[in-house]
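Undergrad: This one is work.csv, CSV, C-alpha atoms.
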```csv
chain,number,residue,atom,x,y,z
E,1,MET,CA,0.0,0.0,0.0
E,2,ASN,CA,1.2,3.5,-0.9
E,3,ASP,CA,0.0,7.1,-0.4
E,4,PHE,CA,-2.3,6.8,-3.5
E,5,ASP,CA,-3.9,3.6,-2.1
E,6,TYR,CA,-4.6,5.2,1.2
E,7,ILE,CA,-6.0,8.3,-0.3
E,8,LYS,CA,-8.3,6.2,-2.4
E,9,GLN,CA,-9.4,4.5,0.8
E,10,THR,CA,-10.3,7.9,2.2
E,11,PHE,CA,-12.6,8.4,-0.8
E,12,GLU,CA,-14.5,5.2,-0.2
E,13,LEU,CA,-14.9,6.1,3.5
E,14,ALA,CA,-16.0,9.6,2.6
E,15,LYS,CA,-18.8,8.2,0.3
E,16,ARG,CA,-20.4,6.6,3.3
E,17,GLY,CA,-21.7,10.1,4.2
E,18,LEU,CA,-23.4,10.7,0.8
E,19,GLY,CA,-26.5,12.7,1.2
E,20,ARG,CA,-26.0,13.3,4.9
E,21,THR,CA,-23.2,15.8,5.4
E,22,TRP,CA,-24.5,18.9,3.5
E,23,PRO,CA,-23.5,21.7,3.7
E,24,ASN,CA,-20.3,20.1,4.8
E,25,PRO,CA,-18.1,18.1,2.4
E,26,LEU,CA,-17.5,14.3,2.2
E,27,VAL,CA,-14.4,13.4,4.1
E,28,GLY,CA,-12.7,10.1,5.1
E,29,SER,CA,-9.6,9.5,7.1
E,30,VAL,CA,-7.2,6.6,7.6
E,31,ILE,CA,-4.4,6.3,10.2
E,32,VAL,CA,-1.4,4.1,9.4
E,33,LYS,CA,1.4,3.1,11.8
E,34,ASN,CA,4.2,0.7,10.9
E,35,ASN,CA,2.5,-0.1,7.6
E,36,ARG,CA,-0.7,-1.1,9.4
E,37,VAL,CA,-4.1,0.7,9.4
E,38,ILE,CA,-4.8,1.3,13.1
E,39,GLY,CA,-7.8,3.6,12.7
E,40,GLN,CA,-10.3,5.0,10.2
E,41,GLY,CA,-13.4,7.1,10.1
E,42,HIS,CA,-15.6,9.4,8.0
E,43,HIS,CA,-17.8,12.4,8.5
E,44,VAL,CA,-21.1,10.7,9.1
E,45,GLN,CA,-23.5,13.7,9.1
E,46,TYR,CA,-23.7,17.4,9.5
E,47,GLY,CA,-23.0,18.5,13.1
E,48,ASP,CA,-21.2,15.3,14.0
E,49,ALA,CA,-17.4,14.8,14.5
E,50,HIS,CA,-15.2,15.2,11.5
E,51,ALA,CA,-13.5,12.3,9.8
E,52,GLU,CA,-10.1,12.8,11.4
E,53,ILE,CA,-11.6,12.8,14.9
E,54,ASN,CA,-13.6,9.7,14.2
E,55,ALA,CA,-10.4,8.0,12.9
E,56,LEU,CA,-8.5,8.9,16.0
E,57,ASN,CA,-11.3,7.8,18.3
E,58,ASN,CA,-11.4,4.4,16.4
E,59,CYS,CA,-7.6,3.7,16.8
E,60,THR,CA,-6.7,0.3,18.1
E,61,GLU,CA,-3.5,1.6,19.6
E,62,SER,CA,-1.8,4.9,20.3
E,63,PRO,CA,-1.7,7.1,17.1
E,64,GLU,CA,1.6,8.8,18.3
E,65,GLY,CA,4.1,8.7,15.4
E,66,SER,CA,1.6,7.6,12.8
E,67,THR,CA,0.6,9.0,9.4
E,68,LEU,CA,-2.9,10.3,8.9
E,69,TYR,CA,-4.4,10.3,5.5
E,70,VAL,CA,-7.4,12.5,4.7
E,71,ASN,CA,-9.0,13.7,1.5
E,72,LEU,CA,-9.6,17.3,2.7
E,73,GLU,CA,-7.3,19.6,4.7
E,74,PRO,CA,-7.9,19.4,8.4
E,75,CYS,CA,-9.8,22.4,9.7
E,76,CYS,CA,-8.3,24.8,12.2
E,77,HIS,CA,-10.9,27.4,13.0
E,78,THR,CA,-13.1,27.3,16.1
E,79,ASP,CA,-16.3,29.2,15.0
E,80,LYS,CA,-18.2,26.0,14.3
E,81,GLN,CA,-20.1,23.2,16.0
E,82,THR,CA,-17.2,20.7,16.2
E,83,PRO,CA,-13.7,21.2,17.6
E,84,PRO,CA,-10.8,21.9,15.1
E,85,CYS,CA,-9.0,18.8,13.8
E,86,ALA,CA,-5.5,20.3,13.3
E,87,GLN,CA,-5.1,21.0,17.0
E,88,ARG,CA,-6.2,17.4,17.9
E,89,LEU,CA,-3.6,16.0,15.5
E,90,ILE,CA,-0.9,18.0,17.2
E,91,LYS,CA,-2.1,16.8,20.6
E,92,GLU,CA,-2.0,13.2,19.5
E,93,LYS,CA,1.5,13.6,18.2
E,94,ILE,CA,0.8,12.6,14.6
E,95,LYS,CA,4.1,12.4,12.7
E,96,LYS,CA,2.8,13.0,9.1
E,97,VAL,CA,-0.4,14.1,7.4
E,98,VAL,CA,-1.1,13.3,3.7
E,99,ILE,CA,-3.9,15.4,2.2
E,100,CYS,CA,-5.7,15.1,-1.1
E,101,ASN,CA,-7.2,18.6,-1.4
E,102,LEU,CA,-6.7,21.9,0.4
E,103,ASP,CA,-9.9,23.2,1.8
E,104,PRO,CA,-11.3,26.1,-0.3
E,105,ASN,CA,-13.0,27.5,2.7
E,106,PRO,CA,-11.2,30.9,3.3
E,107,LYS,CA,-11.2,30.1,7.1
E,108,VAL,CA,-8.9,27.2,6.3
E,109,ASN,CA,-7.4,27.2,2.8
E,110,GLY,CA,-3.8,26.3,3.7
E,111,GLN,CA,-4.0,27.5,7.3
E,112,GLY,CA,-4.5,24.0,8.6
E,113,VAL,CA,-1.4,22.9,6.8
E,114,ALA,CA,0.6,25.8,8.1
E,115,ILE,CA,-0.4,25.1,11.8
E,116,LEU,CA,0.6,21.4,11.4
E,117,ARG,CA,4.0,22.3,10.0
E,118,GLN,CA,4.6,24.9,12.6
E,119,HIS,CA,4.3,22.1,15.2
E,120,GLY,CA,6.8,19.9,13.4
E,121,ILE,CA,4.3,17.7,11.6
E,122,GLU,CA,5.3,16.7,8.0
E,123,VAL,CA,2.6,17.5,5.5
E,124,GLU,CA,2.0,16.5,1.9
E,125,HIS,CA,-0.9,17.6,-0.2
E,126,GLY,CA,-2.2,17.3,-3.8
E,127,ILE,CA,-2.4,13.5,-3.9
E,128,LEU,CA,-5.1,12.6,-6.4
E,129,ASP,CA,-6.4,16.1,-6.1
E,130,GLU,CA,-8.6,16.0,-9.3
E,131,GLU,CA,-10.4,12.9,-8.1
E,132,GLY,CA,-10.8,14.5,-4.7
E,133,GLU,CA,-12.3,17.7,-6.2
E,134,LYS,CA,-14.8,15.6,-8.3
E,135,LEU,CA,-15.9,13.8,-5.1
E,136,ASN,CA,-16.6,17.2,-3.5
E,137,GLU,CA,-17.6,19.2,-6.5
E,138,VAL,CA,-20.6,20.7,-4.8
E,139,PHE,CA,-18.6,21.8,-1.8
E,140,PHE,CA,-15.8,23.3,-3.9
E,141,PHE,CA,-18.3,25.2,-6.1
E,142,ASN,CA,-20.2,26.5,-3.1
E,143,GLN,CA,-17.0,27.7,-1.4
E,144,ARG,CA,-15.6,29.4,-4.5
E,145,SER,CA,-18.8,30.9,-5.9
E,146,ASN,CA,-20.8,31.4,-2.7
E,147,SER,CA,-23.8,30.0,-4.5
E,148,SER,CA,-25.8,26.7,-4.6
E,149,PHE,CA,-24.8,23.9,-7.0
E,150,VAL,CA,-27.7,22.9,-9.3
E,151,HIS,CA,-27.8,19.5,-10.9
E,152,LEU,CA,-30.3,19.4,-13.8
E,153,LYS,CA,-32.0,16.2,-14.7
E,154,LEU,CA,-33.5,15.8,-18.2
E,155,ALA,CA,-35.2,12.8,-19.8
E,156,SER,CA,-36.3,12.6,-23.4
E,157,THR,CA,-36.7,10.6,-26.5
E,158,LEU,CA,-34.0,10.4,-29.1
E,159,ASP,CA,-35.5,13.5,-30.8
E,160,GLY,CA,-35.5,15.5,-27.6
E,161,LYS,CA,-39.2,15.3,-26.7
E,162,ILE,CA,-40.4,15.0,-23.1
E,163,ALA,CA,-44.2,14.7,-23.8
E,164,LEU,CA,-46.8,14.4,-26.5
E,165,PRO,CA,-48.5,17.5,-27.8
E,166,ASN,CA,-51.4,16.8,-25.4
E,167,GLY,CA,-49.0,16.8,-22.4
E,168,GLU,CA,-48.8,13.1,-21.8
E,169,SER,CA,-45.4,12.3,-20.4
E,170,LYS,CA,-45.6,9.2,-18.1
E,171,TRP,CA,-43.4,7.6,-18.8
E,172,ILE,CA,-40.7,8.5,-21.2
E,173,THR,CA,-38.0,6.5,-19.4
E,174,GLY,CA,-38.2,3.0,-17.9
E,175,GLU,CA,-38.5,1.8,-14.3
E,176,VAL,CA,-34.7,1.3,-13.8
E,177,ALA,CA,-33.9,4.9,-14.8
E,178,ARG,CA,-36.7,6.2,-12.6
E,179,GLN,CA,-35.3,4.3,-9.7
E,180,HIS,CA,-31.9,5.9,-10.3
E,181,VAL,CA,-33.6,9.3,-10.2
E,182,HIS,CA,-34.8,8.5,-6.7
E,183,TYR,CA,-31.2,7.7,-5.7
E,184,LEU,CA,-30.1,11.0,-7.2
E,185,ARG,CA,-32.8,12.8,-5.2
E,186,SER,CA,-31.4,11.2,-2.0
E,187,LEU,CA,-28.0,12.9,-2.6
E,188,HIS,CA,-29.5,16.4,-2.7
E,189,GLN,CA,-30.9,18.8,-0.2
E,190,GLY,CA,-33.7,20.0,-2.4
E,191,VAL,CA,-35.7,19.2,-5.6
E,192,ILE,CA,-36.6,22.1,-7.9
E,193,ILE,CA,-39.6,22.2,-10.3
E,194,GLY,CA,-41.6,24.9,-12.1
E,195,ALA,CA,-45.2,25.7,-11.5
E,196,GLU,CA,-46.4,24.1,-14.8
E,197,THR,CA,-44.8,20.7,-13.7
E,198,LEU,CA,-46.7,20.9,-10.5
E,199,ARG,CA,-50.0,21.6,-12.3
E,200,LYS,CA,-49.6,18.8,-14.8
E,201,ASP,CA,-47.9,16.0,-12.9
E,202,ASN,CA,-48.8,16.7,-9.2
E,203,PRO,CA,-45.5,15.0,-8.2
E,204,GLN,CA,-44.5,13.9,-4.7
E,205,LEU,CA,-40.8,14.9,-5.2
E,206,ASN,CA,-39.7,12.6,-2.3
E,207,VAL,CA,-37.3,9.7,-2.2
E,208,ARG,CA,-39.0,6.4,-2.5
E,209,LEU,CA,-36.2,3.9,-2.2
E,210,GLU,CA,-36.4,0.6,-0.2
E,211,ASN,CA,-34.9,1.0,3.3
E,212,PHE,CA,-34.2,4.7,2.7
E,213,GLN,CA,-33.5,6.3,6.1
E,214,GLY,CA,-32.0,9.6,5.1
E,215,GLU,CA,-33.5,13.1,5.1
E,216,GLN,CA,-36.2,13.8,2.6
E,217,PRO,CA,-35.3,16.7,0.3
E,218,TRP,CA,-37.0,20.1,0.3
E,219,ARG,CA,-39.5,20.5,-2.5
E,220,ILE,CA,-38.8,23.9,-4.2
E,221,VAL,CA,-41.4,25.4,-6.6
E,222,PHE,CA,-40.8,28.5,-8.7
E,223,THR,CA,-43.9,30.4,-9.9
E,224,GLN,CA,-44.4,33.6,-11.8
E,225,SER,CA,-48.2,34.0,-11.2
E,226,GLY,CA,-48.4,32.6,-7.7
E,227,LYS,CA,-51.3,30.4,-8.9
E,228,LEU,CA,-50.7,26.9,-7.7
E,229,PRO,CA,-53.2,24.0,-7.3
E,230,LYS,CA,-54.0,23.9,-3.5
E,231,GLU,CA,-54.8,20.1,-3.8
E,232,SER,CA,-51.2,19.3,-4.8
E,233,GLN,CA,-49.6,16.4,-2.8
E,234,ILE,CA,-46.6,18.4,-1.6
E,235,PHE,CA,-48.9,20.8,0.3
E,236,HIS,CA,-50.7,18.1,2.3
E,237,ASP,CA,-48.3,15.1,2.8
E,238,GLU,CA,-46.2,14.4,5.9
E,239,HIS,CA,-43.3,16.5,4.4
E,240,SER,CA,-45.4,19.6,3.6
E,241,HIS,CA,-43.3,21.6,6.1
E,242,LYS,CA,-40.3,21.0,3.7
E,243,THR,CA,-42.0,22.8,0.8
E,244,LEU,CA,-40.6,26.2,-0.4
E,245,ILE,CA,-42.3,28.5,-2.8
E,246,PHE,CA,-40.4,31.2,-4.7
E,247,THR,CA,-42.9,33.5,-6.3
E,248,HIS,CA,-43.2,36.8,-8.1
E,249,ALA,CA,-46.8,37.3,-6.9
E,250,PRO,CA,-48.8,36.6,-3.7
E,251,VAL,CA,-49.6,33.0,-3.0
E,252,ASP,CA,-52.6,31.7,-1.1
E,253,LEU,CA,-51.5,28.5,0.5
E,254,LYS,CA,-51.6,27.0,4.0
E,255,LEU,CA,-47.9,26.8,4.4
E,256,PRO,CA,-45.7,28.5,7.1
E,257,PRO,CA,-45.2,32.1,6.0
E,258,GLU,CA,-41.4,31.6,6.0
E,259,ASN,CA,-41.9,29.0,3.3
E,260,ILE,CA,-43.4,31.4,0.8
E,261,LEU,CA,-40.8,33.7,-0.5
E,262,GLN,CA,-41.6,36.6,-2.8
E,263,ILE,CA,-38.7,37.4,-5.1
E,264,LYS,CA,-37.7,39.7,-7.9
E,265,ASP,CA,-35.3,37.4,-9.8
E,266,LEU,CA,-33.2,34.3,-9.6
E,267,SER,CA,-30.3,36.1,-7.8
E,268,GLU,CA,-32.6,36.9,-4.9
E,269,ALA,CA,-33.8,33.4,-4.8
E,270,PHE,CA,-30.3,32.0,-4.6
E,271,GLY,CA,-29.4,34.4,-1.9
E,272,LEU,CA,-32.3,33.1,0.2
E,273,LEU,CA,-31.2,29.5,-0.6
E,274,LYS,CA,-27.8,30.4,0.7
E,275,GLU,CA,-29.2,31.7,3.9
E,276,ARG,CA,-30.9,28.4,4.5
E,277,LYS,CA,-27.6,26.5,3.7
E,278,LEU,CA,-29.3,24.7,0.8
E,279,ILE,CA,-26.2,24.3,-1.4
E,280,ASN,CA,-27.0,21.1,-3.3
E,281,LEU,CA,-30.1,21.2,-5.5
E,282,PHE,CA,-31.6,18.7,-8.0
E,283,PHE,CA,-33.7,20.3,-10.8
E,284,GLU,CA,-36.3,18.0,-12.1
E,285,GLY,CA,-39.0,19.7,-14.1
E,286,GLY,CA,-39.9,22.6,-16.3
E,287,ALA,CA,-38.4,23.3,-19.7
E,288,THR,CA,-38.9,27.0,-19.6
E,289,LEU,CA,-37.6,27.4,-16.0
E,290,ALA,CA,-34.6,25.0,-16.8
E,291,SER,CA,-33.8,27.2,-19.8
E,292,GLN,CA,-33.9,30.3,-17.6
E,293,PHE,CA,-31.5,28.6,-15.1
E,294,ILE,CA,-29.1,27.7,-17.9
E,295,GLN,CA,-29.2,31.2,-19.4
E,296,ASP,CA,-28.5,32.7,-15.9
E,297,LYS,CA,-25.6,30.2,-15.5
E,298,ARG,CA,-27.2,28.6,-12.5
E,299,VAL,CA,-26.8,25.0,-13.7
E,300,GLN,CA,-23.4,23.2,-12.9
E,301,ARG,CA,-24.2,19.6,-13.8
E,302,VAL,CA,-26.6,17.9,-16.2
E,303,SER,CA,-27.7,14.3,-16.2
E,304,TYR,CA,-29.6,13.5,-19.4
E,305,PHE,CA,-31.6,10.3,-19.7
E,306,ILE,CA,-32.2,9.3,-23.3
E,307,ASN,CA,-34.8,6.7,-24.2
E,308,PRO,CA,-34.4,4.9,-27.6
E,309,SER,CA,-37.7,6.1,-29.1
E,310,PHE,CA,-39.2,9.0,-31.1
E,311,LEU,CA,-42.2,11.2,-30.8
E,312,GLY,CA,-41.7,13.5,-33.8
E,313,SER,CA,-43.8,16.2,-32.3
E,314,GLY,CA,-44.4,17.3,-28.8
E,315,LYS,CA,-42.8,19.2,-26.0
E,316,SER,CA,-39.1,19.7,-26.0
E,317,ALA,CA,-36.7,19.2,-23.1
E,318,LEU,CA,-35.7,22.8,-23.2
E,319,SER,CA,-37.2,26.1,-24.5
E,320,ASP,CA,-35.3,28.9,-26.3
E,321,LEU,CA,-31.8,29.6,-25.0
E,322,ASN,CA,-31.5,32.7,-27.1
E,323,ILE,CA,-28.3,31.4,-28.8
E,324,THR,CA,-27.3,33.1,-32.0
E,325,GLN,CA,-23.9,31.6,-32.6
E,326,LEU,CA,-22.9,27.9,-32.3
E,327,GLN,CA,-19.7,28.7,-30.3
E,328,HIS,CA,-21.9,30.2,-27.5
E,329,ARG,CA,-24.0,27.1,-26.9
E,330,PRO,CA,-23.5,25.5,-23.4
E,331,LYS,CA,-21.5,22.3,-23.5
E,332,LEU,CA,-20.8,19.5,-21.1
E,333,PHE,CA,-17.3,18.3,-20.2
E,334,ASN,CA,-15.9,15.4,-18.1
E,335,LEU,CA,-18.8,13.3,-19.5
E,336,GLU,CA,-19.8,9.9,-18.0
E,337,SER,CA,-22.3,7.5,-19.4
E,338,GLN,CA,-24.3,4.7,-17.8
E,339,TRP,CA,-27.1,2.4,-19.0
E,340,PHE,CA,-30.2,2.0,-16.8
E,341,GLY,CA,-32.3,-0.7,-18.5
E,342,GLU,CA,-32.9,0.6,-22.0
E,343,ASP,CA,-32.2,4.2,-21.1
E,344,LEU,CA,-28.7,5.9,-21.5
E,345,MET,CA,-27.7,8.5,-19.0
E,346,LEU,CA,-25.1,11.1,-20.0
E,347,SER,CA,-23.8,13.2,-17.1
E,348,GLY,CA,-21.3,16.0,-17.2
E,349,ARG,CA,-20.3,19.5,-15.8
E,350,VAL,CA,-21.6,22.5,-17.7
E,351,GLN,CA,-18.9,24.5,-19.4
```
As structure tokens, please, write out the structure in this file.

TA:
Amino acid sequence: MNDFDYIKQTFELAKRGLGRTWPNPLVGSVIVKNNRVIGQGHHVQYGDAHAEINALNNCTESPEGSTLYVNLEPCCHTDKQTPPCAQRLIKEKIKKVVICNLDPNPKVNGQGVAILRQHGIEVEHGILDEEGEKLNEVFFFNQRSNSSFVHLKLASTLDGKIALPNGESKWITGEVARQHVHYLRSLHQGVIIGAETLRKDNPQLNVRLENFQGEQPWRIVFTQSGKLPKESQIFHDEHSHKTLIFTHAPVDLKLPPENILQIKDLSEAFGLLKERKLINLFFEGGATLASQFIQDKRVQRVSYFINPSFLGSGKSALSDLNITQLQHRPKLFNLESQWFGEDLMLSGRVQ
């Protein structure tokens, strides 16, 4: 085992916190002494101990003189719920720390490394840093842009249609693909739709996976008119308290007043999302609204499910993007593909 192997091990540990750590990053840690792993841990959920602390607490023997591996720089500031990790590593007399990524949080960003070195601890960083940044793409984007990360899901036929001319859309994709969408929902803090999707589909927008025990996402509806069907499921089910309305006009609904937010534009909406620490959002419905998000550069990742069928006419996956030159069209990079039954999913970052 070498440094690369142990950093890869921290990635696998970090993934155990998927969907539970927001707005914190995914972090795993491994402690090695005399070529043996003596402790490991991960950040389980927001508000709980960090990965390094859990790894130290899980040690089978004294960690003094050992090497600690972690995929994100140990924190060093005290204005948070949990104690700083760098100071604990110093106290435990860790000999060396190997880090994948420096923490982009301005309260850390190299300061954790500096404190460790000041106390005689050898530090290396940058090991598999591209893989580490991909693992925590939401956290890195949020810290650098101070804005929420939006993951847009689209599903269409080969000719880009999402519904028949009469609006019938259930179902374009198969059951396996729809199950994966539930998994994707489980990884996000909120699910966004437009008012027209609510009117036509009356969706539940919750996670319906077998044995799912995580937090249900917020349901976030954007409306221009404020006219929403009062009988919609999301206003009456057991998760109705986790429904947010962003509206340009007054809304008459029996929701907590703080859940109905009148806005002027998307910038104001994203400011309010930031205040609520909702940094990781899944956009599921509304061609017009999705196009507005893309034009406003609010979409960072797209996952496109393509069914091998044709409709010829009908509703398109997106509306007009006001593109007049080919070189200005949005593109995806770092593409990945995966089959779900007969449906192909292409997923990539927006350039």

Undergrad: I need the residue nearest Gly285 of chain E from this list: E:His328, E:Lys96, E:His239, E:Lys200. Use all atoms listed in the file for the distance.

TA: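 When distances to Gly285 of chain E are compared using all atoms listed in the file, the smallest one comes from E:Lys200.
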
Undergrad: So, counting all atoms listed in the file, which residue among E:Pro104, E:Gly17, E:Gly39, E:Gly314 is closest to Ser169 of chain E?

TA: E:Gly314

Undergrad: Identify, on the basis of only C-alpha atoms, every residue whose closest approach to Asp48 of chain E does not exceed 12 Å; exclude the query and any residue fewer than 4 positions from it along the same chain; express the result as a list in words.

TA: Gly17, Arg20, Thr21, Trp22, Asn24, Gly41, His42, His43, Val44, Glu52, Ile53, Asn54, Lys80, Gln81, Thr82 and Pro83 of chain E

Undergrad: So that each row is one residue of segment 128-195 of chain E with an atom at most 8 Å from segment 257-274 of chain E, can you give its shortest atom pair and the distance in Å to one decimal, using all atoms listed in the file, rows by chain and rising number, as JSON lines?

TA:
```
{"residue": "E:Asn146", "atom": "CA", "partner": "E:Lys274", "partner_atom": "CA", "distance": 7.8}
{"residue": "E:Ser147", "atom": "CA", "partner": "E:Lys274", "partner_atom": "CA", "distance": 6.6}
{"residue": "E:Ser148", "atom": "CA", "partner": "E:Lys274", "partner_atom": "CA", "distance": 6.8}
```

Undergrad: Write out as a list in words each polymer residue whose atoms come within 7 Å of segment 286-293 of chain E, counting all atoms listed in the file; drop sequence neighbours fewer than 4 positions from it.

TA: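 So, after excluding close chain neighbours, the residues are Ile193, Gly194, Glu196, Thr197, Lys297, Arg298, Val299, Ala317, Leu318, Ser319, Asp320 and Leu321 of chain E.
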
Undergrad: Could you please determine the separation between atom CA of His151 of chain E and atom CA of Ile294 of chain E in Å, to one decimal place?

TA: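 Value for the atom CA of His151 of chain E-atom CA of Ile294 of chain E distance: 10.9 Å.
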
Undergrad: Would you kindly return, as a PDB file with C-alpha atoms, in the frame of the given file, each protein, DNA or RNA residue with an atom no farther than 8 Å from any atom of Ser225 of chain E, considering all atoms listed in the file and excluding same-chain residues fewer than 3 positions away?

TA:
```pdb
ATOM      1  CA  THR E 247     -42.900  33.500  -6.300  1.00  0.00           C
ATOM      2  CA  HIS E 248     -43.200  36.800  -8.100  1.00  0.00           C
ATOM      3  CA  ALA E 249     -46.800  37.300  -6.900  1.00  0.00           C
ATOM      4  CA  PRO E 250     -48.800  36.600  -3.700  1.00  0.00           C
TER       5      PRO E 250
END
```

Undergrad: Have a look at E:Ile306, E:Ile127, E:Cys76, E:Leu116 and name the one nearest to Tyr6 of chain E; count only C-alpha atoms.

TA: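 Ranked by minimum distance to Tyr6 of chain E, first place goes to E:Ile127.
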
Undergrad: With distances taken over only C-alpha atoms, which of E:Thr60, E:Leu158, E:Glu122, E:Val27 is nearest to Asp103 of chain E?

TA: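 Of E:Thr60, E:Leu158, E:Glu122, E:Val27, the one nearest Asp103 of chain E, counting only C-alpha atoms, is E:Val27.
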